[in-house]
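Enquirer: Handing you a structure now.
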Amino acid sequence: MARVAIVTGGTRGIGEAISLALQDMGIVVAANYASNEDGARDFAARTGIPAYRWDVGDYEACQTGCALVAAALGDVDIVVNNAGITRDGTILNMSYEDWKAVIDTNLGGCFNMTKAVFPGMRARKWGRIVNIGSINGQAGQYGQVNYAAAKSGIHGFTKALAQEGARVGVTVNAIAPGYIDTGMVAAVPADVLEKIVARIPTGRLGQASEIARGVAFLCAEESGFVTGSTLSINGGQHMY
Ligand code: CAA
């Protein structure tokens, strides 16, 4: 039987590329999204991958959403915690709401989704959880205390959960993307982005498909001995 995967934030940007890469491997994919109804409808029509709307920052919504996917497609074997938002600003300008939204979505989402699927993976003795961290969680980034804290938290969450999953067949890994050519990075002011790209040894932004390639590797049947690792895919920008 084909494996079943949920990709959070899976209808656009890096998430869309991940959904497609897993589909290419013969995995049955459900793409979660938060708000972009039109985009999600287009994505589903284009790819044949069903899109499910819920907020990963909402604990109960994750329980309900994952149960819906399981009822429609089968037990969930793979979760890619990709959903993420930015609310950039220096600490002087960052509101409590900007802090909380980013922590709740980016880091809280990993907890909420894992709570919904981990018991089943454990019982069936097979699972793959891939968490999308960030170079900015490894190195920090001016104007991103919220995002860097959440992404750094994801890297710790990954290593801790990997220890709990190891003996029950559930691998837990992280990918730390650098600057990837998506809408999120396009929102960085052009002059700031130019300076960032100038510091990337490959001299260019990454492509979403280059992150998806790493996720596909970590989700493969043959990758059962890879757990607790962080795969940096960043064009050589931060070698950690
Ligand atoms: N180092 C030092 N100073 C910097 C700086 C840096 N890297 N970046 C900005 N500054 C300075 C500016 O020159 C400016 O100085 P002056 O006041 O003397 O002119 C000051 O900091 C900015 O002050 P503002 O009041 O304008 O600050 P703000 O609260 O509006 O924040 C900012 C501005 C949001 C930080 C903006 O500079 C920015 O968007 N920076 C990019 C942040 C970034 O890289 N985000 C990544 C998004 S993509 C992503 O997150 C995906 C991923 O995983 C990689």
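Chains: A, B, ... in order of the structure tokens. Residues: from 1 per chain. Ligands: from 1, in order shown.
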Could you pull out the residues sitting within 9 Å of ligand 1, using only C-alpha atoms and all ligand atoms, and write them as a count of residues only?
Expert: 43
Enquirer: Just want the 10 Å neighbourhood of A:Arg53, counted on only C-alpha atoms, with same-chain residues fewer than 5 positions away dropped. Output as a list in words.
Expert: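 Returned residues: Thr8, Gly9, Ala31, Asn32, Tyr33, Ala34, Ser35, Asn36, Glu37, Ala40, Ala61 and Gly65 of chain A.
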Enquirer: So how many Å separate atom CA of A:Ala123 and atom CA of A:Ala51, to one decimal?
Expert: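 Going from atom CA of A:Ala123 over to atom CA of A:Ala51, I get 26.4 Å.
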Enquirer: Skip A:Val76 itself and residues of its chain fewer than 4 positions away, then list as a list in words all residues within 10 Å of it, counting only C-alpha atoms.
Expert: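 Here the qualifying residues turn out to be Arg3, Val4, Ala5, Ile6, Val28, Val29, Ala30, Cys66, Ala67, Val69, Ala70, Ala71, Ala116, Val117, Phe118, Gly120, Met121, Trp126, Gly127 and Arg128 of chain A.
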Enquirer: Would you please give, as number ranges by chain, all residues of chain A that DSSP assigns to strand (DSSP E) based on the backbone?
Expert: A: 4-7, 28-33, 51-53, 78-81, 127-132, 170-177, 230-233
Enquirer: Write out as a VMD selection string each polymer residue whose atoms come within 9 Å of A:Gly165, counting only C-alpha atoms; drop sequence neighbours fewer than 5 positions from it.
Expert: chain A and resid 118 122 127 170 to 172 227
Enquirer: Could you tell me which of A:Gly206, A:Gly108, A:Gly74, A:Gly48 comes closest to A:Ala2 if we count only C-alpha atoms?
Expert: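 Nearest to A:Ala2: A:Gly74.
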Enquirer: Could you check which of A:Ala190, A:Ala162, A:Val215, A:Cys62 is closest to A:Phe111, using only C-alpha atoms?
Expert: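 Selected residue with least distance to A:Phe111: A:Cys62.
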Enquirer: Hey, what's within 9 Å of A:Arg204 if we count only C-alpha atoms and toss same-chain stuff fewer than 3 positions away? As a list of chain:residue names, please?
Expert: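 Returned residues: A:Tyr179, A:Ile180, A:Val197, A:Ala198, A:Ile200, A:Pro201, A:Gly235.
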Enquirer: Please write the residues from the selection above to a file, keeping all heavy atoms, as a PDB file, in the first residue's frame.
Expert:
ATOM      1  N   TYR A 179      18.221  30.893   1.478  1.00  0.00           N
ATOM      2  CA  TYR A 179      17.271  31.802   0.798  1.00  0.00           C
ATOM      3  C   TYR A 179      16.809  31.167  -0.518  1.00  0.00           C
ATOM      4  O   TYR A 179      17.614  30.903  -1.403  1.00  0.00           O
ATOM      5  CB  TYR A 179      17.920  33.171   0.586  1.00  0.00           C
ATOM      6  CG  TYR A 179      17.890  33.986   1.871  1.00  0.00           C
ATOM      7  CD1 TYR A 179      18.741  33.677   2.924  1.00  0.00           C
ATOM      8  CD2 TYR A 179      16.974  35.011   2.047  1.00  0.00           C
ATOM      9  CE1 TYR A 179      18.694  34.393   4.120  1.00  0.00           C
ATOM     10  CE2 TYR A 179      16.920  35.731   3.234  1.00  0.00           C
ATOM     11  CZ  TYR A 179      17.776  35.418   4.263  1.00  0.00           C
ATOM     12  OH  TYR A 179      17.718  36.120   5.441  1.00  0.00           O
ATOM     13  N   ILE A 180      15.516  30.894  -0.586  1.00  0.00           N
ATOM     14  CA  ILE A 180      14.922  30.164  -1.700  1.00  0.00           C
ATOM     15  C   ILE A 180      13.999  31.115  -2.459  1.00  0.00           C
ATOM     16  O   ILE A 180      13.333  31.967  -1.848  1.00  0.00           O
ATOM     17  CB  ILE A 180      14.118  28.935  -1.169  1.00  0.00           C
ATOM     18  CG1 ILE A 180      14.989  28.079  -0.226  1.00  0.00           C
ATOM     19  CG2 ILE A 180      13.590  28.101  -2.336  1.00  0.00           C
ATOM     20  CD1 ILE A 180      16.268  27.528  -0.820  1.00  0.00           C
ATOM     21  N   VAL A 197      22.015  37.955  -1.247  1.00  0.00           N
ATOM     22  CA  VAL A 197      22.407  37.073  -2.366  1.00  0.00           C
ATOM     23  C   VAL A 197      23.915  37.198  -2.627  1.00  0.00           C
ATOM     24  O   VAL A 197      24.586  36.207  -2.931  1.00  0.00           O
ATOM     25  CB  VAL A 197      21.580  37.377  -3.634  1.00  0.00           C
ATOM     26  CG1 VAL A 197      22.096  36.565  -4.822  1.00  0.00           C
ATOM     27  CG2 VAL A 197      20.103  37.070  -3.402  1.00  0.00           C
ATOM     28  N   ALA A 198      24.438  38.391  -2.439  1.00  0.00           N
ATOM     29  CA  ALA A 198      25.876  38.601  -2.662  1.00  0.00           C
ATOM     30  C   ALA A 198      26.717  37.751  -1.703  1.00  0.00           C
ATOM     31  O   ALA A 198      27.881  37.454  -1.996  1.00  0.00           O
ATOM     32  CB  ALA A 198      26.211  40.080  -2.490  1.00  0.00           C
ATOM     33  N   ILE A 200      25.863  34.627  -0.778  1.00  0.00           N
ATOM     34  CA  ILE A 200      25.639  33.196  -1.017  1.00  0.00           C
ATOM     35  C   ILE A 200      26.725  32.705  -1.963  1.00  0.00           C
ATOM     36  O   ILE A 200      26.830  33.200  -3.093  1.00  0.00           O
ATOM     37  CB  ILE A 200      24.237  32.933  -1.633  1.00  0.00           C
ATOM     38  CG1 ILE A 200      23.137  33.507  -0.735  1.00  0.00           C
ATOM     39  CG2 ILE A 200      24.031  31.432  -1.860  1.00  0.00           C
ATOM     40  CD1 ILE A 200      21.723  33.405  -1.315  1.00  0.00           C
ATOM     41  N   PRO A 201      27.547  31.738  -1.527  1.00  0.00           N
ATOM     42  CA  PRO A 201      28.667  31.307  -2.378  1.00  0.00           C
ATOM     43  C   PRO A 201      28.254  30.872  -3.779  1.00  0.00           C
ATOM     44  O   PRO A 201      28.989  31.119  -4.738  1.00  0.00           O
ATOM     45  CB  PRO A 201      29.279  30.143  -1.581  1.00  0.00           C
ATOM     46  CG  PRO A 201      29.009  30.526  -0.157  1.00  0.00           C
ATOM     47  CD  PRO A 201      27.634  31.149  -0.177  1.00  0.00           C
ATOM     48  N   GLY A 235      23.184  26.694  -0.545  1.00  0.00           N
ATOM     49  CA  GLY A 235      24.161  27.256  -1.486  1.00  0.00           C
ATOM     50  C   GLY A 235      25.502  27.578  -0.847  1.00  0.00           C
ATOM     51  O   GLY A 235      26.265  28.382  -1.377  1.00  0.00           O
TER      52      GLY A 235
END
Enquirer: Could you check which of A:Gln237, A:Thr47, A:Gln138, A:Asn146 is closest to A:Asp104, using only C-alpha atoms?
Expert: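 Between A:Gln237, A:Thr47, A:Gln138, A:Asn146, the residue approaching A:Asp104 most closely is A:Asn146.
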Enquirer: Write out as JSON, numbers by chain each polymer residue whose atoms come within 8 Å of A:Ala212, counting only C-alpha atoms; drop sequence neighbours fewer than 5 positions from it.
Expert: {"A": [14, 17, 18, 21]}
Enquirer: Only N, CA, C and O atoms, please: the residues just picked out, written as a short mmCIF file (atom, residue, chain, number, x, y, z; two decimals), in the first residue's frame.
Expert:
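Written out: again14.cif:
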data_model
loop_
_atom_site.label_atom_id
_atom_site.label_comp_id
_atom_site.auth_asym_id
_atom_site.auth_seq_id
_atom_site.Cartn_x
_atom_site.Cartn_y
_atom_site.Cartn_z
N ILE A 14 7.84 26.46 -1.22
CA ILE A 14 8.60 25.23 -0.96
C ILE A 14 7.64 24.06 -0.75
O ILE A 14 7.88 22.95 -1.22
N ALA A 17 6.46 22.37 -3.95
CA ALA A 17 7.52 21.52 -4.54
C ALA A 17 7.64 20.21 -3.77
O ALA A 17 7.87 19.15 -4.36
N ILE A 18 7.49 20.28 -2.45
CA ILE A 18 7.57 19.05 -1.63
C ILE A 18 6.40 18.13 -1.94
O ILE A 18 6.57 16.92 -2.12
N ALA A 21 7.12 16.43 -5.19
CA ALA A 21 8.21 15.45 -5.11
C ALA A 21 7.75 14.16 -4.45
O ALA A 21 8.10 13.06 -4.88
#
Enquirer: May I ask for the distance between atom CA of A:Tyr96 and atom CA of A:Gly153, given in Å to one decimal place?
Expert: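 Spanning atom CA of A:Tyr96 to atom CA of A:Gly153 is a straight-line distance of 18.1 Å.
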Enquirer: Have a look at A:Asn131, A:Ile49, A:Pro119, A:Arg12 and name the one nearest to A:Glu164; count only C-alpha atoms.
Expert: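 Using only C-alpha atoms, the shortest distance to A:Glu164 belongs to A:Pro119.
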Enquirer: Can you tell me, as a ChimeraX atom specification, what residues are no more than 10 Å from A:Ser229 when counting only C-alpha atoms, ignoring any on the same chain fewer than 4 positions away?
Expert: /A:130,155,158-159,162,171-175,218
Enquirer: Suppose we keep all heavy atoms; can you now write the selection as a CSV table (one decimal), in the first residue's frame?
Expert:
chain,number,residue,atom,x,y,z
A,130,VAL,N,9.4,15.3,8.8
A,130,VAL,CA,10.5,16.2,8.3
A,130,VAL,C,10.0,17.6,8.7
A,130,VAL,O,8.9,18.0,8.3
A,130,VAL,CB,10.7,16.1,6.8
A,130,VAL,CG1,11.8,17.0,6.4
A,130,VAL,CG2,11.1,14.6,6.5
A,155,HIS,N,14.7,23.1,15.3
A,155,HIS,CA,15.9,22.2,15.2
A,155,HIS,C,16.1,21.4,16.5
A,155,HIS,O,16.4,20.2,16.5
A,155,HIS,CB,17.2,23.0,14.9
A,155,HIS,CG,17.1,23.5,13.4
A,155,HIS,ND1,17.0,22.7,12.4
A,155,HIS,CD2,17.1,24.8,12.9
A,155,HIS,CE1,17.0,23.4,11.2
A,155,HIS,NE2,17.0,24.7,11.6
A,158,THR,N,13.3,18.7,16.7
A,158,THR,CA,13.7,17.6,15.8
A,158,THR,C,14.6,16.6,16.6
A,158,THR,O,14.3,15.4,16.5
A,158,THR,CB,14.3,18.1,14.6
A,158,THR,OG1,13.4,19.0,13.9
A,158,THR,CG2,14.8,17.0,13.6
A,159,LYS,N,15.6,17.1,17.2
A,159,LYS,CA,16.6,16.2,17.8
A,159,LYS,C,16.0,15.5,19.0
A,159,LYS,O,16.3,14.4,19.3
A,159,LYS,CB,17.8,17.0,18.3
A,159,LYS,CG,18.7,17.5,17.1
A,159,LYS,CD,19.8,18.3,17.5
A,159,LYS,CE,20.4,19.1,16.4
A,159,LYS,NZ,21.1,18.3,15.4
A,162,ALA,N,13.4,12.9,17.7
A,162,ALA,CA,14.1,11.8,17.0
A,162,ALA,C,14.5,10.7,18.1
A,162,ALA,O,14.4,9.5,17.8
A,162,ALA,CB,15.3,12.3,16.3
A,171,THR,N,11.4,8.2,12.0
A,171,THR,CA,12.5,9.1,11.9
A,171,THR,C,12.1,10.5,11.9
A,171,THR,O,10.9,10.8,11.5
A,171,THR,CB,13.3,8.8,10.6
A,171,THR,OG1,12.6,9.2,9.5
A,171,THR,CG2,13.7,7.3,10.5
A,172,VAL,N,12.9,11.3,12.5
A,172,VAL,CA,12.5,12.8,12.6
A,172,VAL,C,13.8,13.6,12.2
A,172,VAL,O,14.8,13.5,12.9
A,172,VAL,CB,12.1,13.1,14.1
A,172,VAL,CG1,11.6,14.6,14.1
A,172,VAL,CG2,11.1,12.2,14.6
A,173,ASN,N,13.7,14.3,11.2
A,173,ASN,CA,14.8,15.1,10.6
A,173,ASN,C,14.4,16.5,10.3
A,173,ASN,O,13.2,16.8,10.2
A,173,ASN,CB,15.4,14.4,9.4
A,173,ASN,CG,16.0,13.1,9.7
A,173,ASN,OD1,17.1,13.0,10.3
A,173,ASN,ND2,15.3,12.0,9.4
A,174,ALA,N,15.4,17.4,10.1
A,174,ALA,CA,15.1,18.7,9.7
A,174,ALA,C,15.8,19.1,8.5
A,174,ALA,O,16.9,18.5,8.2
A,174,ALA,CB,15.5,19.7,10.8
A,175,ILE,N,15.3,20.0,7.7
A,175,ILE,CA,16.0,20.6,6.6
A,175,ILE,C,16.1,22.1,7.0
A,175,ILE,O,15.2,22.7,7.5
A,175,ILE,CB,15.3,20.4,5.3
A,175,ILE,CG1,15.4,18.9,4.9
A,175,ILE,CG2,15.9,21.3,4.2
A,175,ILE,CD1,15.0,18.6,3.5
A,218,LEU,N,14.8,12.1,2.7
A,218,LEU,CA,14.5,11.8,4.1
A,218,LEU,C,13.3,10.9,4.3
A,218,LEU,O,13.1,10.2,5.3
A,218,LEU,CB,14.4,13.1,5.0
A,218,LEU,CG,15.7,13.9,5.1
A,218,LEU,CD1,15.4,15.3,5.7
A,218,LEU,CD2,16.7,13.1,5.9
Enquirer: As a PyMOL selection string, please: every residue in stretch 53-152 of chain A that a backbone DSSP assignment puts in helix (DSSP H, G or I).
Expert: chain A and resi 59-73+96-124+135-139+145-152
Enquirer: How far is it from atom CA of A:Val79 to atom CA of A:Glu16, in Å with one decimal?
Expert: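 Interatomic distance here is 13.9 Å.
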